[in-house]
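The next block holds one structure in the form of structure tokens; read it before the comments.
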Amino acid sequence: MYQLNVKKLGFAFGLTAAFLYLGCMIVMATAGKEGTITFFNSLLHGLDTSNIIRMDVPLLEAFFGIIQTFILGWLIGACVGVFYNIQIKVKK
């Protein structure tokens with residue numbers, strides 16, 4: 001069986017999460033408050049997001065948010081890789 005490269009998988013998960021965060025930023029910047037609420041309500045199967053959407057996010061907060069999202073994505077990807085590699089070794 002193929003063993004996963006934990007660092008590469010973590011980086012791929014981290015970048016994917018950061019791109020999703022960036023996509024949310026683009027939706028919020030282009031769709032306005034009502035469009036953003038409509039988008040996320042439909043994405044989340046009708047869950048009402050109107051009370052939790054905040055449009056006045058400072059630039060520094062958004063910057064730290066994308067960095068934190070990348071780190072969390074990297075950790076999740078690394079965990080997936082580690083758990084996958086461990087279960088391969090157990091089967092041998």
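In the structure tokens, each chain is lettered A, B, ... as it comes, each chain's residues begin at 1, and ligands are numbered from 1 in order of appearance.
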
Skip stretch 27-31 of chain A itself and residues of its chain fewer than 4 positions away, then list as a list of chain:residue names all residues within 10 Å of it, counting only C-alpha atoms.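 Neighbouring residues, sequence-local ones excluded: A:Tyr21, A:Leu22, A:Gly23, A:Gly35, A:Thr36, A:Ile37, A:Thr38, A:Phe39, A:Phe40, A:Ile53, A:Arg54, A:Met55, A:Asp56.
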
Enumerate the residues of stretch 7-84 of chain A with a DSSP assignment of helix (DSSP H, G or I), computed from the backbone, and present them as a tab-separated table (two decimals) with C-alpha atoms, in the first residue's frame.
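Saved file result.tsv follows:
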chain	number	residue	atom	x	y	z
A	7	LYS	CA	3.48	17.28	5.28
A	8	LYS	CA	2.18	17.46	1.72
A	9	LEU	CA	-1.29	16.30	2.70
A	10	GLY	CA	-1.41	18.83	5.53
A	11	PHE	CA	-0.32	21.60	3.16
A	12	ALA	CA	-2.97	20.58	0.61
A	13	PHE	CA	-5.71	20.62	3.26
A	14	GLY	CA	-4.45	23.95	4.61
A	15	LEU	CA	-4.42	25.61	1.19
A	16	THR	CA	-7.87	24.23	0.38
A	17	ALA	CA	-9.26	25.63	3.65
A	18	ALA	CA	-7.59	29.00	3.01
A	19	PHE	CA	-9.09	29.14	-0.50
A	20	LEU	CA	-12.54	28.42	0.96
A	21	TYR	CA	-12.00	31.25	3.44
A	22	LEU	CA	-10.94	33.53	0.60
A	23	GLY	CA	-14.05	32.49	-1.33
A	24	CYS	CA	-16.21	33.52	1.62
A	25	MET	CA	-14.43	36.87	1.69
A	26	ILE	CA	-15.14	37.37	-2.02
A	27	VAL	CA	-18.82	36.49	-1.58
A	28	MET	CA	-19.13	38.96	1.28
A	29	ALA	CA	-17.33	41.71	-0.66
A	30	THR	CA	-19.38	41.31	-3.84
A	31	ALA	CA	-22.84	40.14	-2.76
A	32	GLY	CA	-23.56	42.55	0.07
A	33	LYS	CA	-25.26	41.61	3.33
A	34	GLU	CA	-28.53	40.29	1.88
A	35	GLY	CA	-26.77	38.35	-0.88
A	36	THR	CA	-24.33	36.87	1.62
A	37	ILE	CA	-27.17	35.78	3.90
A	38	THR	CA	-29.03	34.23	0.96
A	39	PHE	CA	-25.88	32.43	-0.25
A	40	PHE	CA	-25.01	30.93	3.13
A	41	ASN	CA	-28.64	30.08	3.96
A	42	SER	CA	-28.89	28.05	0.75
A	43	LEU	CA	-25.42	26.52	1.26
A	59	LEU	CA	-8.72	43.70	7.51
A	60	LEU	CA	-6.34	42.54	10.26
A	61	GLU	CA	-9.00	40.21	11.66
A	62	ALA	CA	-9.60	38.73	8.19
A	63	PHE	CA	-5.83	38.26	7.74
A	64	PHE	CA	-5.51	36.39	11.04
A	65	GLY	CA	-8.63	34.39	10.15
A	66	ILE	CA	-7.14	33.11	6.90
A	67	ILE	CA	-3.86	32.23	8.68
A	68	GLN	CA	-5.72	30.39	11.45
A	69	THR	CA	-7.86	28.57	8.89
A	70	PHE	CA	-4.73	27.45	7.03
A	71	ILE	CA	-3.16	26.17	10.26
A	72	LEU	CA	-6.31	24.25	11.24
A	73	GLY	CA	-6.56	22.79	7.74
A	74	TRP	CA	-2.89	21.77	7.87
A	75	LEU	CA	-3.39	20.05	11.23
A	76	ILE	CA	-6.49	18.21	9.98
A	77	GLY	CA	-4.67	17.04	6.84
A	78	ALA	CA	-1.65	15.94	8.86
A	79	CYS	CA	-3.90	13.98	11.22
A	80	VAL	CA	-5.63	12.28	8.29
A	81	GLY	CA	-2.22	11.30	6.90
A	82	VAL	CA	-0.94	10.02	10.25
A	83	PHE	CA	-4.08	7.97	10.93
A	84	TYR	CA	-4.01	6.55	7.41

re atom CA of A:Gln3 and atom CA of A:Ile86: distance 9.3 Å
